[in-house]
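Enquirer: CSV, C-alpha atoms, saved as run.csv, coming up:
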```csv
chain,number,residue,atom,x,y,z
A,243,MET,CA,-102.4,84.7,46.8
A,244,SER,CA,-101.2,81.2,47.4
A,245,GLY,CA,-97.7,81.5,48.8
A,246,ILE,CA,-95.3,83.5,50.9
A,247,TYR,CA,-91.5,83.4,50.3
A,248,ILE,CA,-89.0,84.7,52.9
A,249,HIS,CA,-85.5,85.4,51.7
A,250,ILE,CA,-82.7,84.9,54.2
A,251,PRO,CA,-79.6,86.2,52.4
A,252,PHE,CA,-76.9,85.2,54.9
A,253,CYS,CA,-74.2,82.7,54.1
A,254,LYS,CA,-71.0,81.4,55.8
A,255,LYS,CA,-69.3,81.2,52.5
A,256,LYS,CA,-70.2,82.1,48.9
A,257,CYS,CA,-70.4,79.1,46.5
A,258,ILE,CA,-68.6,79.5,43.2
A,259,TYR,CA,-71.7,78.9,41.1
A,260,CYS,CA,-74.3,80.9,43.1
A,261,SER,CA,-75.9,84.0,41.5
A,262,PHE,CA,-78.6,84.5,44.1
A,263,TYR,CA,-78.4,87.5,46.3
A,264,SER,CA,-76.5,86.6,49.5
A,265,VAL,CA,-74.0,88.2,51.9
A,266,VAL,CA,-71.1,86.5,53.8
A,267,CYS,CA,-72.0,88.2,57.0
A,268,THR,CA,-74.2,87.3,60.0
A,269,LYS,CA,-73.7,90.2,62.3
A,270,GLU,CA,-77.0,92.0,61.5
A,271,MET,CA,-79.3,88.9,61.3
A,272,GLY,CA,-81.4,90.0,64.3
A,273,ARG,CA,-82.1,93.5,62.9
A,274,TYR,CA,-82.8,91.9,59.5
A,275,VAL,CA,-85.4,89.6,61.1
A,276,GLU,CA,-87.1,92.6,62.7
A,277,ALA,CA,-87.2,94.3,59.3
A,278,VAL,CA,-88.8,91.2,57.7
A,279,VAL,CA,-91.4,91.0,60.5
A,280,GLN,CA,-92.2,94.7,59.9
A,281,GLU,CA,-92.5,94.2,56.2
A,282,LEU,CA,-94.9,91.3,56.8
A,283,GLN,CA,-97.1,93.4,59.0
A,284,LYS,CA,-97.2,96.4,56.7
A,285,ALA,CA,-97.8,94.4,53.6
A,286,GLU,CA,-100.9,92.6,54.9
A,287,ARG,CA,-102.4,95.7,56.6
A,288,LYS,CA,-102.1,97.5,53.2
A,289,LYS,CA,-103.5,94.6,51.3
A,290,GLU,CA,-106.5,94.2,53.7
A,291,LYS,CA,-107.3,97.9,53.5
A,292,LYS,CA,-107.2,97.8,49.7
A,293,GLU,CA,-109.1,94.5,49.1
A,294,GLY,CA,-111.1,94.2,52.3
A,295,ARG,CA,-110.4,90.5,52.7
A,296,LYS,CA,-107.7,88.0,53.7
A,297,GLU,CA,-106.6,85.4,51.1
A,298,ILE,CA,-105.5,82.0,52.2
A,299,VAL,CA,-101.8,81.3,52.3
A,300,GLU,CA,-101.2,77.7,51.2
A,301,THR,CA,-97.4,77.5,51.2
A,302,VAL,CA,-94.6,79.2,53.1
A,303,TYR,CA,-91.0,78.9,51.9
A,304,PHE,CA,-87.8,80.1,53.6
A,305,GLY,CA,-85.0,80.3,51.0
A,306,GLY,CA,-81.6,81.9,50.7
A,307,GLY,CA,-78.8,82.3,51.2
A,308,THR,CA,-78.9,79.9,54.2
A,309,PRO,CA,-82.1,80.1,56.3
A,310,SER,CA,-80.7,77.4,58.7
A,311,LEU,CA,-78.1,80.0,59.9
A,312,LEU,CA,-80.9,81.7,61.8
A,313,PRO,CA,-81.5,80.8,65.4
A,314,ILE,CA,-84.7,79.0,66.1
A,315,HIS,CA,-86.2,82.0,68.0
A,316,ASP,CA,-85.7,84.2,65.0
A,317,LEU,CA,-87.3,81.7,62.6
A,318,GLU,CA,-90.2,81.4,65.0
A,319,LYS,CA,-90.6,85.2,65.2
A,320,ILE,CA,-91.0,85.3,61.4
A,321,LEU,CA,-93.4,82.4,61.4
A,322,ASN,CA,-95.5,84.0,64.1
A,323,ALA,CA,-95.7,87.2,62.1
A,324,ILE,CA,-96.9,85.3,59.1
A,325,HIS,CA,-99.6,83.6,61.1
A,326,ASP,CA,-100.6,86.8,63.0
A,327,ASN,CA,-101.0,88.8,59.8
A,328,PHE,CA,-102.1,86.3,57.1
A,329,ASN,CA,-104.8,83.7,56.8
A,330,VAL,CA,-102.6,80.6,56.8
A,331,ALA,CA,-104.2,77.3,55.8
A,332,ASP,CA,-104.3,74.5,58.4
A,333,GLU,CA,-102.5,72.2,56.0
A,334,VAL,CA,-99.9,74.7,54.9
A,335,GLU,CA,-96.8,73.4,53.3
A,336,CYS,CA,-94.0,75.1,55.3
A,337,THR,CA,-90.5,74.6,53.9
A,338,ILE,CA,-87.1,75.7,55.0
A,339,GLU,CA,-83.8,75.3,53.1
A,340,GLY,CA,-80.8,74.2,55.1
A,341,ASN,CA,-77.2,73.2,54.7
A,342,PRO,CA,-76.1,69.8,56.1
A,343,GLU,CA,-73.4,71.2,58.5
A,344,GLN,CA,-76.1,73.2,60.4
A,345,LEU,CA,-78.7,70.5,60.7
A,346,SER,CA,-78.1,68.9,64.1
A,347,PHE,CA,-80.7,66.6,65.5
A,348,ASP,CA,-81.7,69.2,68.1
A,349,TYR,CA,-82.0,72.0,65.6
A,350,LEU,CA,-84.1,69.9,63.3
A,351,LYS,CA,-86.4,68.9,66.2
A,352,ASP,CA,-86.9,72.6,67.0
A,353,LEU,CA,-87.6,73.4,63.4
A,354,LYS,CA,-90.4,70.8,63.4
A,355,LYS,CA,-91.7,72.0,66.7
A,356,ILE,CA,-92.2,75.6,65.5
A,357,GLY,CA,-94.1,74.6,62.4
A,358,PHE,CA,-91.8,73.6,59.5
A,359,ASN,CA,-93.1,70.3,57.9
A,360,ARG,CA,-90.8,70.2,54.8
A,361,ILE,CA,-87.1,70.6,54.6
A,362,SER,CA,-84.9,71.1,51.5
A,363,ILE,CA,-81.3,70.2,52.2
A,364,GLY,CA,-78.6,71.7,50.0
A,365,ILE,CA,-76.4,68.6,49.5
A,366,GLN,CA,-75.2,69.2,45.9
A,367,SER,CA,-72.9,66.2,46.1
A,368,PHE,CA,-71.8,63.3,48.3
A,369,ASN,CA,-68.2,63.6,47.1
A,370,ASP,CA,-65.8,65.6,49.2
A,371,GLU,CA,-63.6,66.7,46.3
A,372,ILE,CA,-66.6,68.1,44.4
A,373,LEU,CA,-68.0,69.8,47.5
A,374,HIS,CA,-64.6,71.5,47.9
A,375,PHE,CA,-64.7,72.6,44.3
A,376,LEU,CA,-68.2,74.0,44.6
A,377,GLY,CA,-67.2,76.0,47.7
A,378,ARG,CA,-69.4,74.0,50.1
A,379,ILE,CA,-68.4,73.7,53.7
A,380,HIS,CA,-70.0,70.3,54.6
A,381,SER,CA,-68.6,66.8,53.9
A,382,GLY,CA,-70.1,63.8,52.2
A,383,LYS,CA,-70.7,62.2,55.6
A,384,ASP,CA,-72.5,65.4,56.8
A,385,THR,CA,-75.0,65.0,53.9
A,386,VAL,CA,-76.1,61.5,54.9
A,387,PHE,CA,-76.3,62.4,58.6
A,388,ALA,CA,-78.4,65.5,57.9
A,389,VAL,CA,-81.0,63.5,56.0
A,390,GLU,CA,-81.1,60.8,58.6
A,391,ASN,CA,-81.4,63.4,61.4
A,392,ALA,CA,-84.2,65.1,59.6
A,393,GLN,CA,-86.1,61.8,59.4
A,394,LYS,CA,-85.4,61.0,63.1
A,395,ALA,CA,-86.6,64.5,64.1
A,396,GLY,CA,-90.0,63.9,62.5
A,397,PHE,CA,-89.6,65.3,59.0
A,398,GLU,CA,-91.5,63.0,56.5
A,399,ASN,CA,-91.2,65.4,53.6
A,400,ILE,CA,-87.5,65.7,52.9
A,401,SER,CA,-86.0,67.1,49.7
A,402,ILE,CA,-82.4,67.3,48.6
A,403,ASP,CA,-80.5,69.2,45.9
A,404,LEU,CA,-77.8,67.8,43.6
A,405,ILE,CA,-75.7,69.4,40.9
A,406,TYR,CA,-74.6,67.6,37.8
A,407,GLY,CA,-72.3,68.5,34.8
A,408,ILE,CA,-69.2,68.9,36.9
A,409,TYR,CA,-66.0,68.1,35.0
A,410,LEU,CA,-64.4,66.5,38.1
A,411,ARG,CA,-67.0,63.8,38.2
A,412,SER,CA,-66.9,60.7,36.0
A,413,MET,CA,-70.1,58.9,34.9
A,414,PRO,CA,-69.5,56.0,37.3
A,415,HIS,CA,-69.2,58.4,40.1
A,416,TRP,CA,-72.4,60.2,39.1
A,417,MET,CA,-74.2,56.8,39.1
A,418,GLN,CA,-72.9,56.1,42.6
A,419,GLU,CA,-74.1,59.5,43.8
A,420,LEU,CA,-77.6,58.8,42.4
A,421,LYS,CA,-77.6,55.4,44.1
A,422,THR,CA,-76.7,57.0,47.4
A,423,ALA,CA,-79.4,59.7,47.0
A,424,PHE,CA,-82.2,57.2,46.3
A,425,GLN,CA,-81.2,55.0,49.2
A,426,LEU,CA,-81.9,57.9,51.6
A,427,PRO,CA,-85.4,58.5,53.1
A,428,ILE,CA,-86.2,61.4,50.7
A,429,LYS,CA,-89.5,62.2,49.0
A,430,HIS,CA,-88.2,64.8,46.6
A,431,LEU,CA,-85.1,65.6,44.6
A,432,SER,CA,-84.1,68.8,42.8
A,433,ALA,CA,-81.2,68.4,40.4
A,434,TYR,CA,-79.6,71.2,38.4
A,435,SER,CA,-76.9,71.3,35.8
A,436,LEU,CA,-74.0,73.4,36.8
A,437,THR,CA,-74.4,76.7,34.9
A,438,VAL,CA,-72.0,79.6,34.4
A,439,GLU,CA,-73.7,82.8,35.6
A,440,GLU,CA,-72.2,86.2,35.3
A,441,ASN,CA,-70.8,87.8,38.5
A,442,THR,CA,-69.9,84.4,40.0
A,443,LEU,CA,-66.5,83.0,40.9
A,444,LEU,CA,-67.1,80.1,38.5
A,445,HIS,CA,-67.6,82.6,35.6
A,446,LYS,CA,-64.4,84.4,36.6
A,447,LYS,CA,-62.3,81.3,36.7
A,448,ILE,CA,-63.6,79.9,33.4
A,449,SER,CA,-63.0,83.3,31.8
A,450,GLN,CA,-59.4,83.3,33.1
A,451,GLN,CA,-59.0,79.8,31.8
A,452,LYS,CA,-58.3,78.6,35.3
A,453,MET,CA,-61.1,76.0,35.1
A,454,GLN,CA,-62.7,73.9,32.4
A,455,ASN,CA,-65.9,75.1,30.9
A,456,ILE,CA,-69.1,73.1,31.0
A,457,ASP,CA,-69.1,70.0,28.8
A,458,GLU,CA,-72.6,69.9,27.3
A,459,ASP,CA,-72.3,66.3,26.2
A,460,GLN,CA,-71.5,65.4,29.8
A,461,VAL,CA,-74.5,67.4,31.0
A,462,VAL,CA,-76.9,65.5,28.7
A,463,MET,CA,-75.5,62.1,29.6
A,464,GLU,CA,-75.8,62.8,33.3
A,465,MET,CA,-79.3,64.3,33.0
A,466,ASN,CA,-80.5,61.2,31.1
A,467,ALA,CA,-79.0,58.9,33.8
A,468,LEU,CA,-80.7,61.0,36.4
A,469,ILE,CA,-84.1,60.7,34.7
A,470,GLU,CA,-83.7,56.9,34.3
A,471,GLU,CA,-82.7,56.3,37.9
A,472,ALA,CA,-85.5,58.5,39.1
A,473,GLU,CA,-88.0,56.4,37.2
A,474,LYS,CA,-86.6,53.2,38.6
A,475,ASN,CA,-87.2,54.6,42.1
A,476,ASP,CA,-90.7,55.8,41.3
A,477,PHE,CA,-89.8,59.4,41.3
A,478,GLU,CA,-92.0,61.4,38.9
A,479,HIS,CA,-90.1,63.9,36.7
A,480,TYR,CA,-92.7,66.6,37.1
A,481,GLU,CA,-90.6,69.6,36.2
A,482,VAL,CA,-87.3,70.0,34.3
A,483,SER,CA,-85.2,70.0,37.5
A,484,ASN,CA,-87.5,68.3,40.0
A,485,PHE,CA,-88.5,64.8,40.8
A,486,ALA,CA,-90.8,63.5,43.5
A,487,LEU,CA,-92.7,60.4,44.8
A,488,LYS,CA,-96.4,60.5,44.4
A,489,ASN,CA,-98.1,63.3,46.4
A,490,TYR,CA,-94.8,64.9,47.3
A,491,HIS,CA,-94.4,67.6,44.6
A,492,SER,CA,-93.3,70.9,45.9
A,493,LYS,CA,-96.5,72.8,46.2
A,494,HIS,CA,-94.8,76.1,46.6
A,495,ASN,CA,-92.6,75.8,43.6
A,496,SER,CA,-95.4,74.3,41.6
A,497,ASN,CA,-97.3,77.5,42.2
A,498,TYR,CA,-94.5,79.4,40.6
A,499,TRP,CA,-94.7,77.3,37.4
A,500,ASN,CA,-98.5,77.5,37.3
A,501,GLY,CA,-98.5,81.3,37.5
A,502,THR,CA,-100.1,81.5,40.9
A,503,PRO,CA,-99.7,84.8,42.7
A,504,TYR,CA,-97.3,85.0,45.7
A,505,LEU,CA,-95.7,87.5,48.0
A,506,GLY,CA,-91.9,87.7,48.7
A,507,PHE,CA,-90.4,89.3,51.8
A,508,GLY,CA,-86.8,90.2,52.6
A,509,ALA,CA,-83.9,91.7,50.6
A,510,SER,CA,-84.2,90.8,46.8
A,511,ALA,CA,-87.4,88.8,47.3
A,512,HIS,CA,-89.8,88.8,44.4
A,513,SER,CA,-93.6,89.0,44.4
A,514,PHE,CA,-96.1,88.2,41.6
A,515,SER,CA,-99.7,89.2,41.3
A,516,GLY,CA,-100.6,87.8,37.8
A,517,ASN,CA,-100.0,91.0,35.9
A,518,THR,CA,-97.3,92.7,38.0
A,519,ARG,CA,-93.9,91.5,39.3
A,520,SER,CA,-92.1,93.4,42.0
A,521,TRP,CA,-88.8,92.9,43.7
A,522,ASN,CA,-87.2,94.3,46.9
A,523,ILE,CA,-83.8,96.0,46.8
A,524,ALA,CA,-80.9,93.5,46.7
A,525,ASN,CA,-79.0,95.1,49.6
A,526,VAL,CA,-79.4,94.1,53.2
A,527,GLU,CA,-78.5,97.4,54.7
A,528,LYS,CA,-80.6,99.5,52.4
A,529,TYR,CA,-83.5,97.1,52.8
A,530,LYS,CA,-83.4,97.4,56.6
A,531,GLN,CA,-83.1,101.2,56.5
A,532,ALA,CA,-86.1,101.4,54.1
A,533,ILE,CA,-88.3,99.2,56.2
A,534,GLU,CA,-87.3,101.0,59.4
A,535,LYS,CA,-88.0,104.4,57.8
A,536,ASN,CA,-91.2,103.2,56.2
A,537,ILE,CA,-90.1,104.1,52.7
A,538,PRO,CA,-90.5,101.9,49.5
A,539,CYS,CA,-87.7,99.4,48.9
A,540,PHE,CA,-89.0,97.7,45.8
A,541,GLU,CA,-89.5,98.1,42.1
A,542,VAL,CA,-92.6,97.1,40.1
A,543,GLU,CA,-92.9,95.8,36.5
A,544,TYR,CA,-96.3,95.7,34.8
A,545,LEU,CA,-96.7,92.8,32.5
A,546,ASN,CA,-98.6,93.5,29.3
A,547,PRO,CA,-100.6,90.7,27.6
A,548,VAL,CA,-97.7,89.6,25.4
A,549,GLU,CA,-95.3,89.4,28.4
A,550,GLN,CA,-97.9,87.4,30.3
A,551,TYR,CA,-98.3,85.0,27.4
A,552,ASN,CA,-94.5,84.7,27.1
A,553,GLU,CA,-94.1,84.0,30.8
A,554,TYR,CA,-96.9,81.4,30.6
A,555,VAL,CA,-95.0,79.6,27.8
A,556,LEU,CA,-91.6,79.9,29.5
A,557,LEU,CA,-92.9,78.3,32.8
A,558,ARG,CA,-95.4,75.7,31.5
A,559,LEU,CA,-92.9,74.1,29.1
A,560,ARG,CA,-90.8,73.3,32.1
A,561,THR,CA,-93.5,71.1,33.6
A,562,LYS,CA,-94.7,67.6,32.9
A,563,ASN,CA,-98.2,68.9,31.9
A,564,GLY,CA,-96.8,71.5,29.5
A,565,ILE,CA,-98.9,74.1,27.6
A,566,ASP,CA,-102.6,73.7,27.6
A,567,LEU,CA,-103.9,75.2,24.3
A,568,LYS,CA,-107.4,75.6,25.7
A,569,GLU,CA,-106.0,77.7,28.6
A,570,VAL,CA,-103.9,79.7,26.1
A,571,GLU,CA,-107.0,80.6,24.1
A,572,ASP,CA,-109.1,81.4,27.3
A,573,CYS,CA,-106.4,83.6,28.8
A,574,PHE,CA,-104.7,85.2,25.8
A,575,GLY,CA,-107.0,84.8,22.9
A,576,LYS,CA,-107.4,82.6,19.8
A,577,ASP,CA,-104.6,84.5,18.0
A,578,LYS,CA,-102.0,83.4,20.5
A,579,ARG,CA,-103.2,79.8,20.2
A,580,ASP,CA,-103.0,79.9,16.5
A,581,TYR,CA,-99.5,81.5,16.8
A,582,LEU,CA,-98.4,78.6,19.0
A,583,LEU,CA,-99.6,76.0,16.6
A,584,HIS,CA,-97.9,77.8,13.7
A,585,ALA,CA,-94.6,78.3,15.6
A,586,ILE,CA,-94.4,74.7,16.8
A,587,GLN,CA,-94.1,73.5,13.2
A,588,LYS,CA,-90.6,75.1,13.1
A,589,ILE,CA,-89.5,72.5,15.7
A,590,ASN,CA,-88.4,68.9,15.1
A,591,PRO,CA,-91.4,66.7,16.1
A,592,GLN,CA,-89.1,64.5,18.0
A,593,TYR,CA,-88.6,67.3,20.5
A,594,TYR,CA,-92.2,67.7,21.6
A,595,ASN,CA,-95.5,65.9,22.0
A,596,TYR,CA,-98.8,67.3,20.8
A,597,GLN,CA,-101.6,65.3,22.2
A,598,SER,CA,-105.2,66.4,22.7
A,599,HIS,CA,-104.7,70.1,23.5
A,600,TYR,CA,-101.4,69.8,25.3
A,601,ILE,CA,-97.8,70.5,24.1
A,602,THR,CA,-95.0,69.0,26.2
A,603,VAL,CA,-91.3,68.6,25.6
A,604,THR,CA,-89.9,65.1,25.1
A,605,ARG,CA,-86.9,63.7,26.9
A,606,ILE,CA,-84.6,64.2,23.9
A,607,GLY,CA,-86.0,67.7,23.6
A,608,LEU,CA,-85.2,68.7,27.2
A,609,PRO,CA,-81.5,69.7,26.4
A,610,LEU,CA,-83.0,72.0,23.8
A,611,LEU,CA,-85.6,73.5,26.0
A,612,ASP,CA,-84.3,77.1,25.7
A,613,PHE,CA,-84.4,76.9,21.9
A,614,ILE,CA,-87.9,75.4,21.9
A,615,THR,CA,-89.1,78.1,24.3
A,616,GLU,CA,-87.6,80.9,22.3
A,617,THR,CA,-89.3,79.6,19.2
A,618,LEU,CA,-92.7,79.7,20.8
A,619,LEU,CA,-92.4,83.1,22.4
A,620,PHE,CA,-94.3,86.0,20.8
A,621,ASP,CA,-92.1,88.9,19.6
```
Represent the structure from my file as structure tokens, please.

Expert:
Amino acid sequence: MSGIYIHIPFCKKKCIYCSFYSVVCTKEMGRYVEAVVQELQKAERKKEKKEGRKEIVETVYFGGGTPSLLPIHDLEKILNAIHDNFNVADEVECTIEGNPEQLSFDYLKDLKKIGFNRISIGIQSFNDEILHFLGRIHSGKDTVFAVENAQKAGFENISIDLIYGIYLRSMPHWMQELKTAFQLPIKHLSAYSLTVEENTLLHKKISQQKMQNIDEDQVVMEMNALIEEAEKNDFEHYEVSNFALKNYHSKHNSNYWNGTPYLGFGASAHSFSGNTRSWNIANVEKYKQAIEKNIPCFEVEYLNPVEQYNEYVLLRLRTKNGIDLKEVEDCFGKDKRDYLLHAIQKINPQYYNYQSHYITVTRIGLPLLDFITETLLFD
């Protein structure tokens, strides 16, 4: 096991595009924290009894929802439970997601004091009109202050999120947002195309023709501009949606893409063992009740060899290093390697590189990543 993920599902307001499990309610946060602590304790005791050893935890990640809604003492309580019940590496990467409007200088200093050494700030945009459209509470000024405060509070490893492909934004405005982003003291940038997920307000408004649908041409233009600006500022494009200065890749998320096992805690949190995937119930109240009554609150899926191969292809194609054919043969057999080499011939050579024993997606192939991936999956 390499990482621990803690899901904090509470939000002040639901963003129109968000499909992650979250609740617009903060009344039960204290009881929820106690449930997460109990789950951490029970999971490691069970694991130690079964395996007779403690594996090293190299990354800890608090995601949401909005983890920065939790008071410092609650965050510290969870961190203490992790350290008390797991073998945490001395140089652990410890990340917390936060929204700009909650990241005061004092709060950030306290985050650093209790053990967080990396922060991911959900900026999404520097433009107030776009932030309002997305359902964000903070302003463009808040975003800049949050990053500057994080640096002053002692955070060296600062990441921000941006969203592109928004019809309200012109290309010149997107270029200005990128300029603003790269002028900030950040080491990492995650940027995502606005996507229409079912059961979101965005999906509902587009379905009712109250809002324009996503313009795929705009998405491609803005993505290419992002890649070019990142290169100019020495940010490596190491995963489809992620860019970083040298030595500042997200270790936690890189483990997801590399297929490294991890444990998830909290309502709706997922875990992965290599051949099984499990997920907690996506309901805060039912999760708390299950933990308190010591009854199972999760489901488990066992991945057969074909599913493991497909997951490997799906995740590795997202990364700069791509698919390692030697690794495919070692892990899944020569037949899967041969299948890959046969299937790749169905794809335009402009969309991928095949050098040595690696297959990677080219820049012009990135907008077609879903098609390329589907072509290489095993039925």

Enquirer: Using only C-alpha atoms, what table do you get, as JSON lines, when you list each residue of region 496-551 of chain A with an atom no more than 9 Å from region 260-273 of chain A, its nearest pair of atoms, and their distance in Å rounded to one decimal, rows by chain then rising number?

Expert:
```
{"residue": "A:Ala509", "atom": "CA", "partner": "A:Tyr263", "partner_atom": "CA", "distance": 8.1}
{"residue": "A:Ser510", "atom": "CA", "partner": "A:Tyr263", "partner_atom": "CA", "distance": 6.7}
{"residue": "A:Ala524", "atom": "CA", "partner": "A:Tyr263", "partner_atom": "CA", "distance": 6.5}
{"residue": "A:Asn525", "atom": "CA", "partner": "A:Tyr263", "partner_atom": "CA", "distance": 8.3}
{"residue": "A:Val526", "atom": "CA", "partner": "A:Val265", "partner_atom": "CA", "distance": 8.1}
{"residue": "A:Glu527", "atom": "CA", "partner": "A:Glu270", "partner_atom": "CA", "distance": 8.8}
{"residue": "A:Lys530", "atom": "CA", "partner": "A:Arg273", "partner_atom": "CA", "distance": 7.5}
```

Enquirer: Just give me the residues with any atom within 9 Å of (-72.3, 67.6, 36.8), file coordinates, counting all atoms listed in the file, written as a PyMOL selection string.

Expert: chain A and resi 404-412+416+434-436+456-457+460-461+464-465

Enquirer: With C-alpha atoms kept, could you save the residues just selected as a PDB file, keeping the file's coordinate frame?

Expert:
```pdb
ATOM      1  CA  LEU A 404     -77.800  67.800  43.600  1.00  0.00           C
ATOM      2  CA  ILE A 405     -75.700  69.400  40.900  1.00  0.00           C
ATOM      3  CA  TYR A 406     -74.600  67.600  37.800  1.00  0.00           C
ATOM      4  CA  GLY A 407     -72.300  68.500  34.800  1.00  0.00           C
ATOM      5  CA  ILE A 408     -69.200  68.900  36.900  1.00  0.00           C
ATOM      6  CA  TYR A 409     -66.000  68.100  35.000  1.00  0.00           C
ATOM      7  CA  LEU A 410     -64.400  66.500  38.100  1.00  0.00           C
ATOM      8  CA  ARG A 411     -67.000  63.800  38.200  1.00  0.00           C
ATOM      9  CA  SER A 412     -66.900  60.700  36.000  1.00  0.00           C
ATOM     10  CA  TRP A 416     -72.400  60.200  39.100  1.00  0.00           C
ATOM     11  CA  TYR A 434     -79.600  71.200  38.400  1.00  0.00           C
ATOM     12  CA  SER A 435     -76.900  71.300  35.800  1.00  0.00           C
ATOM     13  CA  LEU A 436     -74.000  73.400  36.800  1.00  0.00           C
ATOM     14  CA  ILE A 456     -69.100  73.100  31.000  1.00  0.00           C
ATOM     15  CA  ASP A 457     -69.100  70.000  28.800  1.00  0.00           C
ATOM     16  CA  GLN A 460     -71.500  65.400  29.800  1.00  0.00           C
ATOM     17  CA  VAL A 461     -74.500  67.400  31.000  1.00  0.00           C
ATOM     18  CA  GLU A 464     -75.800  62.800  33.300  1.00  0.00           C
ATOM     19  CA  MET A 465     -79.300  64.300  33.000  1.00  0.00           C
TER      20      MET A 465
END
```

Enquirer: Using only C-alpha atoms, find each residue in region 458-573 of chain A having at least one atom no more than 12 Å away from region 324-331 of chain A; report its shortest atom-to-atom pair and that distance in Å (one decimal), rows by chain then rising number, as JSON lines.

Expert:
```
{"residue": "A:Leu505", "atom": "CA", "partner": "A:Phe328", "partner_atom": "CA", "distance": 11.2}
{"residue": "A:Gly506", "atom": "CA", "partner": "A:Ile324", "partner_atom": "CA", "distance": 11.8}
{"residue": "A:Phe507", "atom": "CA", "partner": "A:Ile324", "partner_atom": "CA", "distance": 10.6}
```

Enquirer: What is the distance, in Å and to one decimal place, between CA of Tyr581 (chain A) and CA of Leu545 (chain A)?

Expert: 19.5 Å

Enquirer: May I have the protein, DNA and RNA residues with an atom at most 10 Å from (-70.9, 65.2, 52.5), counting all atoms listed in the file in the file's coordinates, returned as a PyMOL selection string?

Expert: chain A and resi 342-343+365-373+378-388

Enquirer: Tell me, in Å to one decimal, how far CA of Lys446 (chain A) is from CA of Cys257 (chain A).

Expert: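 Here the two named atoms are 12.7 Å from each other.
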
Enquirer: Phe485 (chain A): which residues within 7 Å, counting only C-alpha atoms, same-chain residues fewer than 3 positions away excluded, as a PyMOL selection string?

Expert: chain A and resi 430-432+477-481

Enquirer: Set the distance at 12 Å and use all atoms listed in the file: which residues neighbour Glu281 (chain A) once local chain neighbours fewer than 2 positions away are removed? I'd like the list as an NGL selection string.

Expert: :A and (248 or 274-279 or 283-288 or 320 or 323-324 or 327 or 505-509 or 511 or 522 or 529-540)
